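> This is data25.pdb, which holds PDB, C-alpha atoms:
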ATOM      1  CA  MET B 140      42.250  97.187  22.540
ATOM      2  CA  ASN B 141      42.880  95.606  25.962
ATOM      3  CA  SER B 142      45.935  93.391  25.556
ATOM      4  CA  LEU B 143      45.220  91.720  28.920
ATOM      5  CA  SER B 144      42.219  89.925  27.406
ATOM      6  CA  ILE B 145      44.285  88.514  24.547
ATOM      7  CA  GLU B 146      46.602  85.527  24.720
ATOM      8  CA  GLN B 147      50.069  86.798  23.910
ATOM      9  CA  TYR B 148      52.627  84.846  21.937
ATOM     10  CA  PRO B 149      55.405  83.170  23.965
ATOM     11  CA  VAL B 150      58.704  84.962  23.433
ATOM     12  CA  PHE B 151      60.477  81.809  22.207
ATOM     13  CA  SER B 152      58.016  80.858  19.493
ATOM     14  CA  PHE B 153      57.673  81.094  15.727
ATOM     15  CA  LYS B 154      54.601  83.318  16.102
ATOM     16  CA  PHE B 155      56.555  85.799  18.215
ATOM     17  CA  LEU B 156      59.411  85.793  15.701
ATOM     18  CA  LYS B 157      57.002  86.382  12.816
ATOM     19  CA  ALA B 158      55.315  89.223  14.707
ATOM     20  CA  TYR B 159      58.669  90.811  15.452
ATOM     21  CA  ILE B 160      59.790  90.592  11.821
ATOM     22  CA  ILE B 161      56.537  92.267  10.713
ATOM     23  CA  THR B 162      57.242  95.056  13.185
ATOM     24  CA  MET B 163      60.788  95.464  11.828
ATOM     25  CA  ARG B 164      59.337  96.296   8.373
ATOM     26  CA  PRO B 165      61.907  94.317   6.291
ATOM     27  CA  TYR B 166      61.162  96.358   3.151
ATOM     28  CA  LEU B 167      62.414  99.494   4.928
ATOM     29  CA  MET B 168      65.604  97.825   6.131
ATOM     30  CA  PHE B 169      66.845  98.422   2.588
ATOM     31  CA  VAL B 170      66.870 102.116   3.528
ATOM     32  CA  SER B 171      69.427 101.540   6.284
ATOM     33  CA  GLY B 172      71.130  99.021   4.017
ATOM     34  CA  ALA B 173      71.652 101.663   1.322
ATOM     35  CA  THR B 174      72.867 104.133   3.967
ATOM     36  CA  THR B 175      75.388 101.575   5.196
ATOM     37  CA  ILE B 176      76.571 100.713   1.692
ATOM     38  CA  VAL B 177      77.248 104.341   0.779
ATOM     39  CA  GLY B 178      79.185 104.762   4.030
ATOM     40  CA  MET B 179      81.352 101.744   3.243
ATOM     41  CA  SER B 180      81.951 102.909  -0.327
ATOM     42  CA  PHE B 181      84.354 105.611   0.890
ATOM     43  CA  ALA B 182      86.851 103.058   2.210
ATOM     44  CA  ASP B 183      89.894 102.654  -0.039
ATOM     45  CA  GLU B 184      90.136  98.956   0.741
ATOM     46  CA  LEU B 185      87.478  96.769   2.352
ATOM     47  CA  GLU B 186      87.919  93.076   2.993
ATOM     48  CA  ILE B 187      84.874  90.903   2.372
ATOM     49  CA  THR B 188      84.347  89.727   5.985
ATOM     50  CA  ARG B 189      84.494  93.270   7.299
ATOM     51  CA  ALA B 190      82.076  94.474   4.607
ATOM     52  CA  ILE B 191      79.567  91.684   5.295
ATOM     53  CA  LEU B 192      79.527  92.265   9.051
ATOM     54  CA  ILE B 193      79.135  96.036   8.690
ATOM     55  CA  PHE B 194      76.358  95.583   6.128
ATOM     56  CA  ILE B 195      74.459  93.113   8.324
ATOM     57  CA  ALA B 196      74.681  95.460  11.306
ATOM     58  CA  GLY B 197      73.543  98.437   9.243
ATOM     59  CA  PHE B 198      70.783  96.561   7.460
ATOM     60  CA  LEU B 199      69.290  95.168  10.675
ATOM     61  CA  SER B 200      69.663  98.408  12.612
ATOM     62  CA  TYR B 201      66.628  99.965  10.938
ATOM     63  CA  GLY B 202      64.457  96.988  11.859
ATOM     64  CA  PHE B 203      65.544  96.933  15.497
ATOM     65  CA  GLY B 204      65.178 100.706  15.683
ATOM     66  CA  GLN B 205      61.732 100.603  14.107
ATOM     67  CA  ALA B 206      60.556  97.963  16.572
ATOM     68  CA  LEU B 207      61.953 100.023  19.449
ATOM     69  CA  THR B 208      60.198 103.247  18.432
ATOM     70  CA  ASP B 209      56.946 101.346  17.793
ATOM     71  CA  CYS B 210      56.927 100.413  21.474
ATOM     72  CA  PHE B 211      56.411 104.103  22.264
ATOM     73  CA  GLN B 212      53.843 104.856  19.531
ATOM     74  CA  ILE B 213      51.156 102.241  20.163
ATOM     75  CA  ASP B 214      48.559 104.970  20.675
ATOM     76  CA  THR B 215      48.717 106.450  17.164
ATOM     77  CA  ASP B 216      49.663 103.135  15.482
ATOM     78  CA  SER B 217      46.528 101.525  16.913
ATOM     79  CA  ILE B 218      44.527 103.885  14.697
ATOM     80  CA  SER B 219      46.699 104.177  11.596
ATOM     81  CA  SER B 220      48.339 100.711  11.543
ATOM     82  CA  PRO B 221      46.039  98.180  13.248
ATOM     83  CA  TYR B 222      47.778  95.294  11.459
ATOM     84  CA  ARG B 223      50.906  95.676  13.581
ATOM     85  CA  PRO B 224      51.351  93.090  16.354
ATOM     86  CA  LEU B 225      51.945  95.630  19.115
ATOM     87  CA  THR B 226      48.647  97.369  18.388
ATOM     88  CA  GLN B 227      46.794  94.043  18.466
ATOM     89  CA  GLY B 228      48.156  93.168  21.892
ATOM     90  CA  ILE B 229      49.317  89.727  20.727
ATOM     91  CA  VAL B 230      52.885  90.385  21.867
ATOM     92  CA  ASN B 231      54.358  91.720  25.069
ATOM     93  CA  ARG B 232      55.680  95.250  24.680
ATOM     94  CA  ASN B 233      58.425  94.679  27.237
ATOM     95  CA  TYR B 234      59.703  91.665  25.305
ATOM     96  CA  PHE B 235      59.859  93.775  22.158
ATOM     97  CA  LEU B 236      61.798  96.436  24.069
ATOM     98  CA  ILE B 237      64.304  93.848  25.284
ATOM     99  CA  VAL B 238      64.768  92.170  21.886
ATOM    100  CA  SER B 239      65.129  95.539  20.153
ATOM    101  CA  SER B 240      67.663  96.780  22.689
ATOM    102  CA  ILE B 241      69.736  93.605  22.396
ATOM    103  CA  GLY B 242      69.573  93.803  18.606
ATOM    104  CA  LEU B 243      70.718  97.426  18.557
ATOM    105  CA  LEU B 244      73.485  96.603  21.024
ATOM    106  CA  PHE B 245      74.686  93.897  18.622
ATOM    107  CA  CYS B 246      74.702  96.358  15.709
ATOM    108  CA  ILE B 247      76.584  99.004  17.687
ATOM    109  CA  SER B 248      79.060  96.375  18.883
ATOM    110  CA  VAL B 249      79.888  95.408  15.292
ATOM    111  CA  PHE B 250      80.465  99.040  14.336
ATOM    112  CA  ALA B 251      82.510  99.641  17.485
ATOM    113  CA  TYR B 252      84.622  96.523  16.925
ATOM    114  CA  PHE B 253      85.940  97.995  13.700
ATOM    115  CA  ASN B 254      86.254 101.529  15.071
ATOM    116  CA  PRO B 255      85.935 102.470  18.783
ATOM    117  CA  VAL B 256      84.664 105.949  17.894
ATOM    118  CA  ASN B 257      81.370 104.228  17.078
ATOM    119  CA  ILE B 258      80.781 103.509  20.771
ATOM    120  CA  GLY B 259      79.920 107.169  21.239
ATOM    121  CA  LEU B 260      78.019 107.488  17.970
ATOM    122  CA  GLY B 261      76.074 104.295  18.623
ATOM    123  CA  THR B 262      75.122 105.379  22.135
ATOM    124  CA  LEU B 263      73.990 108.746  20.788
ATOM    125  CA  ALA B 264      71.928 107.102  18.033
ATOM    126  CA  GLY B 265      70.346 104.680  20.517
ATOM    127  CA  PHE B 266      69.358 107.606  22.732
ATOM    128  CA  GLY B 267      67.884 109.307  19.659
ATOM    129  CA  LEU B 268      65.737 106.300  18.825
ATOM    130  CA  ALA B 269      64.469 106.010  22.394
ATOM    131  CA  THR B 270      63.477 109.698  22.486
ATOM    132  CA  TYR B 271      62.216 110.141  18.921
ATOM    133  CA  THR B 272      58.532 109.830  19.831
ATOM    134  CA  ASN B 273      58.719 112.976  21.985
ATOM    135  CA  PHE B 274      60.123 114.962  19.078
ATOM    136  CA  LYS B 275      57.607 113.553  16.609
ATOM    137  CA  ARG B 276      54.957 115.416  18.611
ATOM    138  CA  LYS B 277      56.605 118.728  17.652
ATOM    139  CA  TRP B 278      55.816 119.920  14.113
ATOM    140  CA  TRP B 279      59.271 121.475  13.592
ATOM    141  CA  ALA B 280      61.364 118.581  14.912
ATOM    142  CA  GLY B 281      60.239 115.141  13.719
ATOM    143  CA  PRO B 282      61.860 114.799  10.260
ATOM    144  CA  PHE B 283      65.114 116.485  11.305
ATOM    145  CA  TYR B 284      65.386 114.479  14.516
ATOM    146  CA  ASN B 285      64.909 111.207  12.685
ATOM    147  CA  ALA B 286      67.298 112.271   9.921
ATOM    148  CA  TRP B 287      70.251 112.930  12.222
ATOM    149  CA  ILE B 288      69.919 109.400  13.607
ATOM    150  CA  VAL B 289      70.192 107.966  10.089
ATOM    151  CA  LEU B 290      73.095 110.323   9.398
ATOM    152  CA  ALA B 291      74.759 108.824  12.482
ATOM    153  CA  LEU B 292      74.294 105.381  10.882
ATOM    154  CA  PHE B 293      76.077 106.654   7.772
ATOM    155  CA  ALA B 294      78.906 107.969   9.944
ATOM    156  CA  MET B 295      79.208 104.695  11.857
ATOM    157  CA  SER B 296      79.306 102.700   8.624
ATOM    158  CA  TYR B 297      81.940 105.038   7.219
ATOM    159  CA  PHE B 298      84.160 104.954  10.310
ATOM    160  CA  ALA B 299      83.816 101.178  10.640
ATOM    161  CA  ALA B 300      84.818 100.728   6.999
ATOM    162  CA  VAL B 301      87.832 103.081   7.009
ATOM    163  CA  GLY B 302      88.915 101.894  10.468
ATOM    164  CA  LYS B 303      90.128 105.276  11.668
ATOM    165  CA  PHE B 304      88.806 108.698  12.636
ATOM    166  CA  THR B 305      89.181 110.734   9.475
ATOM    167  CA  ILE B 306      86.798 112.897   7.461
ATOM    168  CA  ASP B 307      87.480 114.326   4.017
ATOM    169  CA  LEU B 308      85.358 117.480   4.008
ATOM    170  CA  VAL B 309      86.853 118.651   0.719
ATOM    171  CA  ASP B 310      85.551 115.598  -1.144
ATOM    172  CA  PRO B 311      82.416 116.770  -3.032
ATOM    173  CA  ILE B 312      81.028 113.229  -3.107
ATOM    174  CA  PHE B 313      81.284 113.002   0.690
ATOM    175  CA  ILE B 314      79.618 116.380   1.209
ATOM    176  CA  VAL B 315      76.747 115.593  -1.188
ATOM    177  CA  THR B 316      76.275 112.223   0.516
ATOM    178  CA  ILE B 317      75.755 113.966   3.856
ATOM    179  CA  VAL B 318      73.206 116.315   2.246
ATOM    180  CA  SER B 319      71.448 113.424   0.482
ATOM    181  CA  VAL B 320      71.234 111.236   3.580
ATOM    182  CA  PHE B 321      70.000 114.010   5.870
ATOM    183  CA  PHE B 322      67.486 115.783   3.646
ATOM    184  CA  GLY B 323      66.568 112.651   1.697
ATOM    185  CA  TYR B 324      65.617 110.813   4.859
ATOM    186  CA  ALA B 325      63.947 113.877   6.382
ATOM    187  CA  ASN B 326      61.776 113.992   3.270
ATOM    188  CA  PHE B 327      60.894 110.307   3.652
ATOM    189  CA  VAL B 328      59.855 110.912   7.269
ATOM    190  CA  LEU B 329      57.758 113.952   6.354
ATOM    191  CA  THR B 330      56.131 112.109   3.461
ATOM    192  CA  GLY B 331      55.396 109.200   5.786
ATOM    193  CA  TYR B 332      53.491 111.509   8.128
ATOM    194  CA  PHE B 333      50.887 111.971   5.383
ATOM    195  CA  LYS B 334      49.530 108.461   5.993
ATOM    196  CA  ASP B 335      48.974 109.086   9.714
ATOM    197  CA  ILE B 336      47.388 112.544   9.832
ATOM    198  CA  SER B 337      44.054 111.457  11.323
ATOM    199  CA  ALA B 338      45.681 109.141  13.848
ATOM    200  CA  ASP B 339      48.340 111.680  14.821
ATOM    201  CA  ARG B 340      45.754 114.441  15.239
ATOM    202  CA  SER B 341      43.638 112.334  17.583
ATOM    203  CA  THR B 342      46.629 111.263  19.693
ATOM    204  CA  ALA B 343      48.316 114.686  20.030
ATOM    205  CA  TYR B 344      51.160 114.138  17.568
ATOM    206  CA  ASN B 345      51.474 117.680  16.276
ATOM    207  CA  THR B 346      53.328 116.835  13.059
ATOM    208  CA  LEU B 347      53.775 119.354  10.250
ATOM    209  CA  PRO B 348      50.818 118.016   8.186
ATOM    210  CA  VAL B 349      48.643 118.018  11.317
ATOM    211  CA  ARG B 350      49.626 121.565  12.282
ATOM    212  CA  TYR B 351      49.609 123.246   8.867
ATOM    213  CA  GLY B 352      47.842 120.847   6.529
ATOM    214  CA  ARG B 353      48.900 118.784   3.533
ATOM    215  CA  LYS B 354      49.547 121.710   1.175
ATOM    216  CA  ILE B 355      52.119 123.478   3.372
ATOM    217  CA  ALA B 356      53.740 120.176   4.334
ATOM    218  CA  ALA B 357      54.028 119.230   0.654
ATOM    219  CA  ILE B 358      55.770 122.532  -0.105
ATOM    220  CA  VAL B 359      58.286 121.906   2.708
ATOM    221  CA  SER B 360      58.825 118.447   1.240
ATOM    222  CA  ASP B 361      59.485 120.101  -2.139
ATOM    223  CA  VAL B 362      62.230 122.177  -0.506
ATOM    224  CA  PHE B 363      63.894 119.052   0.916
ATOM    225  CA  SER B 364      63.713 117.402  -2.497
ATOM    226  CA  VAL B 365      65.165 120.419  -4.310
ATOM    227  CA  ILE B 366      68.095 120.572  -1.876
ATOM    228  CA  VAL B 367      68.995 116.937  -2.570
ATOM    229  CA  ASN B 368      68.453 117.062  -6.325
ATOM    230  CA  LEU B 369      70.321 120.336  -6.790
ATOM    231  CA  SER B 370      73.307 119.061  -4.810
ATOM    232  CA  LEU B 371      73.380 115.897  -6.942
ATOM    233  CA  PHE B 372      73.227 117.888 -10.164
ATOM    234  CA  ILE B 373      76.098 120.108  -9.024
ATOM    235  CA  LEU B 374      78.063 117.004  -8.024
ATOM    236  CA  ILE B 375      77.698 115.428 -11.468
ATOM    237  CA  VAL B 376      78.870 118.654 -13.122
ATOM    238  CA  ILE B 377      81.881 118.916 -10.762
ATOM    239  CA  LEU B 378      82.878 115.316 -11.402
ATOM    240  CA  ALA B 379      82.433 115.692 -15.158
ATOM    241  CA  LEU B 380      84.810 118.678 -15.118
ATOM    242  CA  ASP B 381      87.251 116.966 -12.767
ATOM    243  CA  SER B 382      88.406 114.205 -15.125
ATOM    244  CA  VAL B 383      86.540 111.453 -13.270
ATOM    245  CA  PRO B 384      86.499 108.252 -15.372
ATOM    246  CA  PHE B 385      83.628 108.528 -17.830
ATOM    247  CA  PHE B 386      82.482 104.964 -17.171
ATOM    248  CA  ASN B 387      82.179 105.593 -13.415
ATOM    249  CA  LEU B 388      80.155 108.731 -14.040
ATOM    250  CA  ILE B 389      77.790 107.061 -16.490
ATOM    251  CA  ILE B 390      76.888 104.004 -14.414
ATOM    252  CA  GLY B 391      76.592 106.085 -11.266
ATOM    253  CA  SER B 392      74.349 108.550 -13.083
ATOM    254  CA  VAL B 393      72.013 105.723 -14.130
ATOM    255  CA  PHE B 394      71.047 105.249 -10.488
ATOM    256  CA  ILE B 395      71.250 108.924  -9.517
ATOM    257  CA  TYR B 396      69.034 110.214 -12.314
ATOM    258  CA  SER B 397      66.594 107.341 -11.773
ATOM    259  CA  GLY B 398      66.445 108.491  -8.164
ATOM    260  CA  ILE B 399      65.869 112.095  -9.213
ATOM    261  CA  GLY B 400      63.050 110.881 -11.450
ATOM    262  CA  MET B 401      61.495 109.084  -8.500
ATOM    263  CA  SER B 402      61.942 112.259  -6.468
ATOM    264  CA  ILE B 403      59.943 114.266  -9.003
ATOM    265  CA  LEU B 404      57.254 111.578  -8.996
ATOM    266  CA  THR B 405      57.176 111.724  -5.195
ATOM    267  CA  GLN B 406      56.586 115.464  -5.103
ATOM    268  CA  ILE B 407      53.907 115.407  -7.815
ATOM    269  CA  SER B 408      52.133 112.542  -6.060
ATOM    270  CA  LEU B 409      52.392 114.220  -2.670
ATOM    271  CA  HIS B 410      50.545 117.303  -3.925
ATOM    272  CA  ASN B 411      47.762 114.989  -5.123
ATOM    273  CA  VAL B 412      47.294 113.207  -1.785
ATOM    274  CA  ASN B 413      43.853 114.036  -0.401
ATOM    275  CA  SER B 414      43.500 111.359   2.280
ATOM    276  CA  ASP B 415      45.655 109.241   4.561
ATOM    277  CA  ALA B 416      44.805 106.138   2.564
ATOM    278  CA  ASP B 417      46.246 107.711  -0.613
ATOM    279  CA  ALA B 418      49.593 108.660   0.914
ATOM    280  CA  HIS B 419      51.333 105.462  -0.153
ATOM    281  CA  ILE B 420      51.345 106.707  -3.772
ATOM    282  CA  ALA B 421      53.923 109.304  -2.691
ATOM    283  CA  ILE B 422      55.730 107.358   0.026
ATOM    284  CA  ALA B 423      56.664 104.421  -2.232
ATOM    285  CA  PRO B 424      58.575 106.475  -4.838
ATOM    286  CA  CYS B 425      60.220 108.438  -1.997
ATOM    287  CA  VAL B 426      61.779 105.224  -0.681
ATOM    288  CA  HIS B 427      62.805 104.235  -4.216
ATOM    289  CA  CYS B 428      64.401 107.667  -4.602
ATOM    290  CA  TYR B 429      66.462 107.374  -1.428
ATOM    291  CA  ILE B 430      67.775 103.893  -2.249
ATOM    292  CA  LEU B 431      68.542 104.745  -5.886
ATOM    293  CA  ILE B 432      70.382 107.973  -5.084
ATOM    294  CA  LEU B 433      72.590 106.443  -2.394
ATOM    295  CA  SER B 434      73.254 103.443  -4.640
ATOM    296  CA  GLY B 435      74.345 105.819  -7.395
ATOM    297  CA  ILE B 436      76.719 107.661  -5.075
ATOM    298  CA  SER B 437      78.143 104.313  -3.935
ATOM    299  CA  ILE B 438      78.835 103.419  -7.560
ATOM    300  CA  LEU B 439      80.675 106.695  -8.101
ATOM    301  CA  ASN B 440      83.072 105.480  -5.406
ATOM    302  CA  LYS B 441      83.010 101.775  -6.270
ATOM    303  CA  PRO B 442      81.882 101.200  -9.895
ATOM    304  CA  TYR B 443      82.374  97.425  -9.590
ATOM    305  CA  TRP B 444      79.512  97.355  -7.057
ATOM    306  CA  PHE B 445      77.093  98.071  -9.913
ATOM    307  CA  ALA B 446      75.797  94.486 -10.358
ATOM    308  CA  GLY B 447      75.461  93.948  -6.621
ATOM    309  CA  LEU B 448      73.454  97.139  -6.194
ATOM    310  CA  ILE B 449      71.115  96.164  -9.026
ATOM    311  CA  LEU B 450      70.469  92.903  -7.171
ATOM    312  CA  PHE B 451      70.005  94.872  -3.931
ATOM    313  CA  TYR B 452      67.409  97.089  -5.591
ATOM    314  CA  LEU B 453      65.559  94.119  -7.097
ATOM    315  CA  LEU B 454      65.423  92.424  -3.699
ATOM    316  CA  TYR B 455      63.975  95.620  -2.259
ATOM    317  CA  HIS B 456      61.263  95.515  -4.937
ATOM    318  CA  LEU B 457      60.402  91.922  -4.036
ATOM    319  CA  THR B 458      60.343  92.578  -0.290
ATOM    320  CA  LEU B 459      58.178  95.666  -0.762
ATOM    321  CA  ARG B 460      55.595  93.621  -2.653
ATOM    322  CA  LEU B 461      55.386  91.153   0.245
ATOM    323  CA  ARG B 462      54.479  93.772   2.860
ATOM    324  CA  PRO B 463      51.373  92.812   4.891
ATOM    325  CA  ALA B 464      49.418  96.072   4.319
ATOM    326  CA  LYS B 465      49.579  97.591   0.842
ATOM    327  CA  GLU B 466      48.632 101.078   2.054
ATOM    328  CA  GLN B 467      51.418 101.050   4.648
ATOM    329  CA  ILE B 468      55.052 101.838   3.829
TER     330      ILE B 468
END
Kindly transcribe the structure held in the file into structure tokens.


Amino acid sequence: MNSLSIEQYPVFSFKFLKAYIITMRPYLMFVSGATTIVGMSFADELEITRAILIFIAGFLSYGFGQALTDCFQIDTDSISSPYRPLTQGIVNRNYFLIVSSIGLLFCISVFAYFNPVNIGLGTLAGFGLATYTNFKRKWWAGPFYNAWIVLALFAMSYFAAVGKFTIDLVDPIFIVTIVSVFFGYANFVLTGYFKDISADRSTAYNTLPVRYGRKIAAIVSDVFSVIVNLSLFILIVILALDSVPFFNLIIGSVFIYSGIGMSILTQISLHNVNSDADAHIAIAPCVHCYILILSGISILNKPYWFAGLILFYLLYHLTLRLRPAKEQI
């Protein structure tokens, strides 16, 4: 579509704001929100103002990052996601680039304010977002490349919350969180590719499903899922044998095992996907899985966050239902 023949929304207008929010995909900002929450949960003490600011920065970071990467994927999105404002030409791509960059700079600034080490991590993550499209074209790189950026978000949230440069690599909860964030998000990315196979093939995005087909890609997804689920199962056993308070273990397990259930549903559904239009039946439970698992880990660290995380999950449900295209997640 030739955007020059279409009247574009003024940058300071409600229509532009609405278009930008659609591009941010608010229902997926709960993914970065859950990643931020689990990072903060490792802090021994966390004052409310600090927690709110870190959460806002983490929650919004996904939306700004999504809008930024969309600016570089208009070719394939025009085929697979014609509802998006950038593909319709009703907004100026350069304006979206500027707004996204300013938004990400704000998020990084919040993280860096609470811990200067996040200046480096934030810069690295920003570079990753700007270059992701190039790696999406390579069948072996896309999910892993995207996953390390989200892992960087976890690290920034953690460092901002604890306020110092320290890592407890002997803490089994911390180790399993790293595994869950990296492979859990990589699985979400790979599952998401199933909805864009036709568009990616025609625009030279050589993703794993494009290169080797749905069956092989689904098996690789199974491997990612098994890695996460097995690490969670081992974690629960370790904590049960390590005199962790029974109450903490039970309420955390409610979320974790619900997430594992969603993971199983994801993998079964993924093997039954026969067309791009059907992919959402696997992508939706994959997002549920990621949010539930990280919420459960957060509760293991902070059991009194239980009620707040239930509300968080319910709000995700509501926001997901309001998405503009039901086949798109």

> Do a neighbour search on B:Thr175 at 8 Å with only C-alpha atoms, toss out local chain neighbours closer than 2 positions, and write the hits as a PDB file with C-alpha atoms, in the coordinates of the input.


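Output saved as part16.pdb:
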ATOM      1  CA  SER B 171      69.427 101.540   6.284  1.00  0.00           C
ATOM      2  CA  GLY B 172      71.130  99.021   4.017  1.00  0.00           C
ATOM      3  CA  ALA B 173      71.652 101.663   1.322  1.00  0.00           C
ATOM      4  CA  VAL B 177      77.248 104.341   0.779  1.00  0.00           C
ATOM      5  CA  GLY B 178      79.185 104.762   4.030  1.00  0.00           C
ATOM      6  CA  MET B 179      81.352 101.744   3.243  1.00  0.00           C
ATOM      7  CA  ILE B 193      79.135  96.036   8.690  1.00  0.00           C
ATOM      8  CA  PHE B 194      76.358  95.583   6.128  1.00  0.00           C
ATOM      9  CA  GLY B 197      73.543  98.437   9.243  1.00  0.00           C
ATOM     10  CA  PHE B 198      70.783  96.561   7.460  1.00  0.00           C
ATOM     11  CA  LEU B 292      74.294 105.381  10.882  1.00  0.00           C
ATOM     12  CA  PHE B 293      76.077 106.654   7.772  1.00  0.00           C
ATOM     13  CA  SER B 296      79.306 102.700   8.624  1.00  0.00           C
ATOM     14  CA  TYR B 297      81.940 105.038   7.219  1.00  0.00           C
TER      15      TYR B 297
END

> Restricting the calculation to all atoms listed in the file: of B:Leu236, B:Ala418, B:Ile432, B:Val230, which residue gets closest to B:Val318?

B:Ile432

> Just want the 9 Å neighbourhood of B:Ser392, counted on only C-alpha atoms, with same-chain residues fewer than 6 positions away dropped. Output as JSON, numbers by chain.

{"B": [375, 432, 435, 436, 438, 439]}

> Measure the distance from atom CA of B:Ser408 to atom CA of B:Ile389 in Å and round it to one decimal.

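If I compute the distance from atom CA of B:Ser408 to atom CA of B:Ile389, I get 28.2 Å.
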
> With only C-alpha atoms as the basis for distance, which of B:Ser364, B:Gln205, B:Asn345, B:Ser219 is at the shortest distance from B:Tyr324?

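Closest residue, counting only C-alpha atoms: B:Ser364.
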
> For B:Gly281, which of B:Phe245, B:Val238, B:Asn257, B:Leu347 is the closest residue, counting all atoms listed in the file?

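Residue with the minimum atom-to-atom distance to B:Gly281: B:Leu347.
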
> In Å, how far is it from atom CA of B:Ala264 to atom CA of B:Ala357?

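Distance between the two atoms: 27.7 Å.
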
> Looking at only C-alpha atoms, which of B:Pro384, B:Gly323, B:Gly391, B:Gly352 is the one that sits closest to B:Asn368?

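Of all the options, B:Gly323 lies closest to B:Asn368.
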
> Name every residue that the PyMOL selection byres ((chain B and resi 309-317) around 9) selects in this structure, writing the answer as a PyMOL selection string with chains first and numbers rising.

chain B and resi 177-178+181+290+293+306-308+318-322+367+370-371+374+377-378+433+436+439-440

> So what do you get for atom CA of B:Arg353 versus atom CA of B:Phe333, distance-wise?

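Straight-line distance from atom CA of B:Arg353 to atom CA of B:Phe333 works out to 7.3 Å.
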
> Name every residue that the PyMOL selection byres ((chain B and resi 450-466) around 6) selects in this structure, writing the answer as an MDAnalysis selection string with chains first and numbers rising.

chainID B and resid 166 419 447:449 467

> Running the PyMOL selection byres ((chain B and resi 300) around 10) on this model by hand, what would come out? Give it as number ranges by chain.

B: 175-176, 178-186, 189-190, 193-194, 250, 253-254, 294-299, 301-303

> Nearest to B:Cys246 among B:Ala446, B:Ala286, B:Val359, B:Ile195, with distances taken over only C-alpha atoms: which residue is it?

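Using only C-alpha atoms, B:Cys246 sits closest to B:Ile195.
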
> Quick one: stretch 313-327 of chain B with N, CA and C atoms, as a compact mmCIF listing (two decimals), keeping the file's coordinate frame?


# COMPACT_ATOMS: atom_id res chain seq x y z
N PHE B 313 81.57 113.18 -0.73
CA PHE B 313 81.28 113.00 0.69
C PHE B 313 80.30 114.06 1.17
N ILE B 314 80.50 115.29 0.79
CA ILE B 314 79.62 116.38 1.21
C ILE B 314 78.20 116.16 0.69
N VAL B 315 78.08 115.81 -0.60
CA VAL B 315 76.75 115.59 -1.19
C VAL B 315 76.07 114.37 -0.57
N THR B 316 76.86 113.38 -0.16
CA THR B 316 76.28 112.22 0.52
C THR B 316 75.64 112.63 1.83
N ILE B 317 76.32 113.47 2.59
CA ILE B 317 75.76 113.97 3.86
C ILE B 317 74.43 114.70 3.60
N VAL B 318 74.42 115.57 2.59
CA VAL B 318 73.21 116.32 2.25
C VAL B 318 72.09 115.35 1.82
N SER B 319 72.44 114.36 1.01
CA SER B 319 71.45 113.42 0.48
C SER B 319 70.86 112.54 1.58
N VAL B 320 71.72 112.07 2.48
CA VAL B 320 71.23 111.24 3.58
C VAL B 320 70.33 112.05 4.50
N PHE B 321 70.77 113.23 4.89
CA PHE B 321 70.00 114.01 5.87
C PHE B 321 68.67 114.50 5.30
N PHE B 322 68.72 115.22 4.18
CA PHE B 322 67.49 115.78 3.65
C PHE B 322 66.65 114.73 2.91
N GLY B 323 67.32 113.73 2.34
CA GLY B 323 66.57 112.65 1.70
C GLY B 323 65.75 111.86 2.70
N TYR B 324 66.36 111.56 3.85
CA TYR B 324 65.62 110.81 4.86
C TYR B 324 64.58 111.69 5.56
N ALA B 325 64.92 112.96 5.79
CA ALA B 325 63.95 113.88 6.38
C ALA B 325 62.71 113.96 5.50
N ASN B 326 62.91 113.95 4.19
CA ASN B 326 61.78 113.99 3.27
C ASN B 326 60.94 112.71 3.35
N PHE B 327 61.62 111.57 3.49
CA PHE B 327 60.89 110.31 3.65
C PHE B 327 60.04 110.33 4.92
